[in-house]
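The block underneath contains the structure these notes are about, expressed in structure tokens.
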Amino acid sequence: MYGNDNWINSYIEAILDAGKGATAAAGADRPSLLRERGHFSPARYFVEEVITGYDETDLYKTWLRANATRSPQERNTRLDNMTWRIWNLARKKKEFEKEEANRLLKRRLETEKPRLDATADMSEDLFEGEKGDDAGDPSVAYGDSTTGNTPRISSVDKLYIVLISLHGLVRGENMELGRDSDTGGQVKYVVELAKALSSCPGVYRVDLLTRQILAPNFDRCYGEPVEALVSTSFKNFKQERGENSGAYIIRIPFGPKDKYLAKEHLWPFIQEFVDGALSHIVQMSRAIGEEISCGHPVWPAVIHGHYASAGVAAALLSGALNVPMVFTGHFLGKDKLEELLKQGRQTREQINMAYKIMRRIEAEELALDASEIVIASTRQEIEEQWNLYDGFEVILARKLRARAKRGANCYGRYVPRMVIIPPGVEFGHITHDFDMDGEEDGPSPASEDPSIWFEIMRFFTNPRKPMILAVARPYPEKNITALVKAFGECRPLRELANLTLIMGNREAVSKMHNMSAAVLTSVLSLIDEYDLYGQVAYPKHHKQSEVPDIYRLAVRTKGAFVNVPYFEQFGVTLIEAAMHGLPVIATKNGAPVEINQVLDNGLLVDPHDQHAIADALYTLLSEKQLWSRCRDNGLKNIHQFSWPEHCKNYLSRISTLGPRYPAIASIKEQIRAPIKGRKHITVIAVDSVSKEDLIHIVRNFIEVIRTEKLLGLTGFVLSTSLTIAEIQSLLISAGMLPTDFDAFICNSGSDLYYPSHSGDIPSNSHVTFALDRNYQSHIEYHWGGEGLRKYLVKWASSVVERRGRIEKQVIFEDSEHSSTYCLAFKVINPNHLPPLKELQKLMRVQSLRCQALYNHGATRLSVIPIHASRSKALRYLSVRWGIKLQNVIVLVGETGDSDYEELFGGLHKTVILKGEFNTPANRIHTVRRYPLQDVVALDSSNIIGIDGCNTDDMRSALKQLGITTQ
């Protein structure tokens with residue numbers, strides 16, 4: 001540090017020259033100034049990027065020495081003041097980091113207590129086999145094993161697999177990777193996965209569902225509803241003609257039709273996608289059944305969601321069809337949140353606003369609730385990332401796994417199986433340009449060479465030097481500037497090699513996203529600062545099909561691939577480099593550690609240490625034996641990351657899933673006689689009103705339907721948290737017949753009844769209610785049953801109202817209003833209820849997969865299965881009855897039970913009844929940790945509001961929705 005005194009003083013003087021912005025930043029005295037303020041602050045940059053890692057005593061000594069060398073006449077008061085303030089800022093930042101560490105520790109301890117309680121409830125210890133040598137084996141710890149399971153899927157099965165990836169620009173050929181932040185490795189991965197799976201024996205069809213994009217300035221192919229993918233042919237994976245229907249990209253329209261949306265803005269439209277996808281899957285299952293199964297529908301073997309948004313969609317589709325769900329998180333929200341908080345540049349609120357991070361985290365929790373299998377790329381992803389979530393904990397997962405293998409009681413608890421399947425890589429027809437000794441002359445811009453070679457080599461003064469290759473989008477977390485600094489500051493490395501930066505495609509820096517433009521501008525500035533002209537290539541354009549040629553060029557010059565982000569979730573580019581025989585330098589943070597253990601084809605470095613990056617590159621490129629050994633090791637071991645290996649592991653995992661089949665056995669039998677001829681279905685789901693107001697709303701709507709001559713064309717469903725006994729009593733007291741309705745969704749969606757009458761003359765005395773037992777089998781997925789009930793009774797006894805030294809219990813079990821799949825509790829004093837999000841978190845920490853709802857003005861608590869809800873019951877009915885959700889009208893209130901928000905989204909029409917009869921919203925009614933607009937598109941044309949509930953208001957609503965023309 002002492003040797004840098006003059007440099008530090010020069011830097012401080014430069015800060016002074018920056019003017020007002022620097023002075024203002026330096027004059028601040030709070031840790032918050034280290035966060036983003038919408039403009040560049042040199043002082044803040046100095047503290048965060050230059051002196052981070054040095055002890056403040058070193059900075060203080062530097063300040064003293066700098067002043068000691070100056071005469072009183074030379075001493076600059078402004079410079080002294082700035083130096084002191086920057087030293088003080090460094091101390092403040094250290095204090096802030098300490099406070100943040102304490103906060104994280106406190107939160108971890110708060111989370112660990114209920115997890116320890118859950119583990120303590122497991123009265124039996126782990127069996128001896130898991131206490132010994134295999135205790136650290138992920139196959140035992142997470143359920144990543146097929147031992148002892150009888151595969152349900154064999155080579156003669158005709159599997160239909162559904163993949164979901166909602167964001168980015170998805171197409172089969174010439175993918176525009178790097179065009180934006182959403183079109184990257186995940187897009188490439190899911191397309192290649194679809195192709196690879198469709199080439200496997202036993203797989204009949206693979207559908208990759210994504211968003212249809214009709215926006216201007218985007219290729220027309222993104223608006224095509226269906227795109228056939230060219231299947232990949234593997235050795236030993238050959239399909240006989242006629243056995244395979246292929247792989248397809250299916251583009252479902254949802255959200256604004258003429259607008260491309262970033263992934264952060266897709267959340268309000270997820271249910272709209274689910275409805276469109278549900279229609280496609282039902283039709284495709286029927287079509288495949290006609291082709292290969294004598295007319296019996298062939299339902300998906302799995303529905304596999306990729307990333308958080310697709311996780312929510314897959315969970316809803318899995319519940320609607322009762323088929324297994326698989327989930328791949330790709331880059332998890334909690335890990336991203338913790339990383340951003342550690343940087344200290346943004347507050348939690350700012351992060352949430354920019355990334356919708358809380359909605360994303362809740363989506364990942366929902367995916368854990370609904371998944372049978374969670375696929376991770378590495379063990380680190382499971383132990384260090386998924387372990388941050390309420391719904392997963394390594395020790396509890398291991399213990400539950402052990403108990404399940406012995407057939408012991410798990411007390412209603414369930415944890416999805418975590419399996420490690422590294423992404424595959426398309427080998428294609430790779431040719432290596434080196435001989436047996438690895439000797440090869442450097443490239444020359446000959447006419448037969450790929451055109452991308454010329455585009456790169458035109459940057460270089462000496463194109464024959466070894467080429468250091470980096471392929472990464474220009475984002476701060478990719479750490480490209482550190483690589484350029486490492487190259488620029490190491491003269492021996494500059495003399496030895498060239499540097500090529502493939503940073504996506506761009507037209508002009510001014511047209512790029514602000515963050516990407518800032519990184520690219522920094523790179524260009526560093527090239528100028530270190531005078532790297534003729535040594536660094538940064539082409540503006542490349543095609544996806546040219547990427548293999550870029551790797552080949554690096555190999556031909558005996559170069560190296562470098563990937564040094566601050567953290568790497570997996571790093572498919574590392575596999576691609578090894579596949580082409582290119583040794584690698586990679587970050588030691590994340591998946592590359594495990595990749596290198598398998599491939600042994602390079603060196604790992606600290607991405608924060610520029611000298612370590614430069615030293616590793618120089619060592620790898622200058623030591624020919626090391627370079628050859630890394631090349632050979634990569635080529636020898638790369639088969640472990642091939643798509644055939646990936647698909648083999650994938651299919652072996654899903655082959656062990658239990659036989660969950662949709663409750664609708666045959667499409668041909670789905671339509672009940674009373675529903676035939678119905679043009680519309682009206683669902684009355686107004687739960688924020690008194691029983692008297694509810695009857696008033698029902699009567700008014702039926703009257704409007706009658707006067708508009710739609711009575712025979714409209715079906716009615718009452719959707720409520722009431723029990724069937726309460727509904728019957730209510731209708732009888734109002735003089736109405738239950739048979740006026742086609743179905744009753746009761747107990748917040750956990751029970752479904754159909755009314756019928758046994759006499760010639762309709763009367764309440766002859767009405768019976770048929771319970772849909774198929775629906776019950778449909779929602780019983782991992783229902784905790786008696787174990788869950790016992791835990792909830794114990795929990796309820798702990799919720800008390802304190803008055804002085806007197807404690808009074810406020811929640812009691814309510815057997816009268818409970819049913820097989822609805823555990824009801826009576827609330828004496830709603831003001832002492834915990835917020836729902838806290839109760840939901842507690843259930844997840846305990847690995848109890850269920851939903852908790854407050855209803856009846858928060859005087860009742862209902863706990864129901866994860867796949868049960870009023871909106872999910874509606875989707876079930878749409879499939880069972882064969883009705884289009886576009887023809888469904890749902891009446892809701894402005895507020896209501898804590899699940900009322902789910903009823904807004906989707907393809908159905910929603911009418912919001914406003915007025916004084918609505919009860920005010922209460923903090924305990926919501927489970928959300930994010931704004932309502934993050935889950936509901938309130939400006940959708942499918943959602944309208946009316947100011948009252950009289951017949952004129954309702955008639956106006958029908959006209960607005962296009963149901964009537966009067």
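If you're wondering about the labels, chains in the structure tokens are A, B, ... by order shown, residues count from 1 in each chain, ligands from 1 in order shown.
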Task: Selection: 9 Å around Trp783 (chain A), only C-alpha atoms, excl. self and same-chain fewer than 4 positions, as a list of chain:residue names - done: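 Here the answer would be A:Gly412, A:Arg413, A:Ile779, A:Leu788, A:Tyr821, A:Leu848, A:Arg849, A:Cys850, A:Ile864, A:Pro865, A:Ile866.
Our summary of the geometry notes that CA of Arg491 (chain A) is positioned 12.4 Å from CA of Leu617 (chain A).
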Task: Within 8 Å of Met467 (chain A) using only C-alpha atoms, minus same-chain residues under 3 positions, as a PyMOL selection string - done: chain A and resi 497-500+553-554+557-560
Task: strand (DSSP E or B) positions in region 660-834 of chain A, given as a count of residues only - done: 45
Task: Residue with smallest distance to Asn322 (chain A) - pool A:Gln776, A:Thr378, A:Asn409, A:Ser719, counting only C-alpha atoms - done: A:Gln776
Open item on the list: With distances taken over only C-alpha atoms, which residue among A:Ala320, A:Val936, A:Ile828, A:Met175 lies nearest Ile270 (chain A)?
Closed with: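 Nearest to Ile270 (chain A): A:Val936.
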- [ ] Find the residues near Asn596 (chain A): any atom within 10 Å, counting only C-alpha atoms, skip ones fewer than 6 places away on the same chain, and give them as a VMD selection string.
- [x] chain A and resid 574 to 575 584 to 586 588 602 to 604 634
Task: Residue contacts of Tyr475 (chain A) (12 Å, only C-alpha atoms) excluding same-chain residues fewer than 2 positions away, as a ChimeraX atom specification - done: /A:178,180-181,471-473,477-481,503-504,512-523,565-566
Open item on the list: Nearest residue to Glu546 (chain A) out of A:Asp615, A:Glu291, A:Glu455, A:Asp952, using only C-alpha atoms?
Closed with: A:Glu455
Task: Residues within 12 Å of Asn700 (chain A), only C-alpha atoms, excluding chain neighbours under 6 positions, as a count of residues only - done: 13
- [ ] Just give me the gap between CA of Ala734 (chain A) and CA of Ile702 (chain A) in Å, one decimal is fine.
- [x]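 One can read the CA of Ala734 (chain A) to CA of Ile702 (chain A) distance as 14.0 Å.
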Open item on the list: I need the residues of region 761-902 of chain A that end up classed as helix (DSSP H, G or I) by DSSP on the backbone, written out as an MDAnalysis selection string.
Closed with: chainID A and resid 764:766 773:779 785:798 815:817 830:832 836:845 870:881 885:887 900:902
Now that the selection is made, can you save its residues with C-alpha atoms as a compact mmCIF listing (two decimals), in the first residue's frame?
```txt
# COMPACT_ATOMS: atom_id res chain seq x y z
CA ASN A 764 -85.25 -28.31 -2.01
CA SER A 765 -86.46 -31.45 -0.28
CA HIS A 766 -85.39 -33.56 -3.25
CA ARG A 773 -64.25 -37.60 -5.91
CA ASN A 774 -62.11 -37.38 -9.04
CA TYR A 775 -61.34 -33.80 -8.06
CA GLN A 776 -60.42 -34.96 -4.56
CA SER A 777 -57.93 -37.46 -5.93
CA HIS A 778 -56.76 -34.64 -8.17
CA ILE A 779 -55.81 -32.31 -5.27
CA GLY A 785 -53.59 -35.07 6.42
CA GLU A 786 -53.59 -35.94 10.11
CA GLY A 787 -49.94 -34.98 10.57
CA LEU A 788 -50.70 -31.50 9.24
CA ARG A 789 -53.80 -31.22 11.45
CA LYS A 790 -51.84 -32.08 14.58
CA TYR A 791 -49.18 -29.54 13.78
CA LEU A 792 -51.77 -26.81 13.12
CA VAL A 793 -53.60 -27.55 16.38
CA LYS A 794 -50.28 -27.21 18.20
CA TRP A 795 -49.52 -23.98 16.36
CA ALA A 796 -52.98 -22.55 17.05
CA SER A 797 -52.49 -23.04 20.78
CA SER A 798 -49.40 -20.79 20.60
CA SER A 815 -64.33 -29.41 13.10
CA GLU A 816 -67.80 -28.34 11.97
CA HIS A 817 -66.44 -26.45 8.98
CA PRO A 830 -58.54 -11.32 14.10
CA ASN A 831 -56.42 -8.42 15.37
CA HIS A 832 -53.99 -10.91 16.91
CA LEU A 836 -50.51 -14.78 6.28
CA LYS A 837 -47.06 -14.57 4.73
CA GLU A 838 -45.56 -15.50 8.11
CA LEU A 839 -47.86 -18.51 8.45
CA GLN A 840 -47.10 -19.60 4.88
CA LYS A 841 -43.38 -19.32 5.59
CA LEU A 842 -43.79 -21.42 8.73
CA MET A 843 -45.58 -24.14 6.76
CA ARG A 844 -42.80 -24.21 4.19
CA VAL A 845 -40.04 -24.34 6.77
CA ARG A 870 -61.09 -21.55 -6.34
CA SER A 871 -59.22 -20.50 -9.50
CA LYS A 872 -57.67 -23.97 -9.88
CA ALA A 873 -61.07 -25.61 -9.45
CA LEU A 874 -62.35 -23.40 -12.25
CA ARG A 875 -59.60 -24.64 -14.58
CA TYR A 876 -60.44 -28.20 -13.60
CA LEU A 877 -64.08 -27.62 -14.55
CA SER A 878 -63.05 -26.03 -17.86
CA VAL A 879 -61.21 -29.23 -18.80
CA ARG A 880 -63.89 -31.55 -17.45
CA TRP A 881 -66.72 -29.72 -19.16
CA LEU A 885 -62.13 -20.04 -20.45
CA GLN A 886 -62.71 -17.06 -22.76
CA ASN A 887 -66.44 -17.81 -22.31
CA TYR A 900 -59.41 -13.42 -4.25
CA GLU A 901 -56.50 -11.98 -6.28
CA GLU A 902 -56.01 -15.33 -8.05
```
What's around Ala363 (chain A) at 7 Å? Count only C-alpha atoms, leave out sequence neighbours fewer than 5 positions away in its own chain, and write the answer as a CSV table (one decimal) with all heavy atoms, in the first residue's frame.
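Printed below is part18.csv as written:
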```csv
chain,number,residue,atom,x,y,z
A,308,ALA,N,-38.1,-18.9,-12.8
A,308,ALA,CA,-39.1,-18.7,-11.8
A,308,ALA,C,-40.5,-18.5,-12.4
A,308,ALA,O,-41.5,-19.1,-11.9
A,308,ALA,CB,-38.8,-17.5,-10.9
A,309,SER,N,-40.6,-17.7,-13.4
A,309,SER,CA,-41.9,-17.4,-14.0
A,309,SER,C,-42.5,-18.7,-14.6
A,309,SER,O,-43.7,-19.0,-14.4
A,309,SER,CB,-41.8,-16.3,-15.1
A,309,SER,OG,-40.8,-16.7,-16.1
A,311,GLY,N,-41.8,-21.6,-13.5
A,311,GLY,CA,-42.1,-22.4,-12.4
A,311,GLY,C,-43.5,-22.2,-11.9
A,311,GLY,O,-44.2,-23.2,-11.6
A,312,VAL,N,-44.0,-21.0,-11.8
A,312,VAL,CA,-45.4,-20.7,-11.5
A,312,VAL,C,-46.3,-21.3,-12.5
A,312,VAL,O,-47.3,-22.0,-12.1
A,312,VAL,CB,-45.7,-19.2,-11.3
A,312,VAL,CG1,-47.1,-18.9,-11.1
A,312,VAL,CG2,-44.9,-18.6,-10.2
```
- [ ] Check the smallest atom-to-atom distance from each of A:Trp627, A:Trp643, A:Tyr650, A:Phe701 to Val326 (chain A) using only C-alpha atoms, then report the winner.
- [x]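 Closest residue, counting only C-alpha atoms: A:Tyr650.
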Open item on the list: Can you measure CA of Gly945 (chain A) to CA of Gly896 (chain A) for me? One decimal in Å is fine.
Closed with: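 Separation of CA of Gly945 (chain A) and CA of Gly896 (chain A): 15.2 Å.
If you measure from each of A:Pro450, A:Gly424, A:Gly534, A:Pro466 to Leu620 (chain A) using only C-alpha atoms, the closest one turns out to be A:Pro466.
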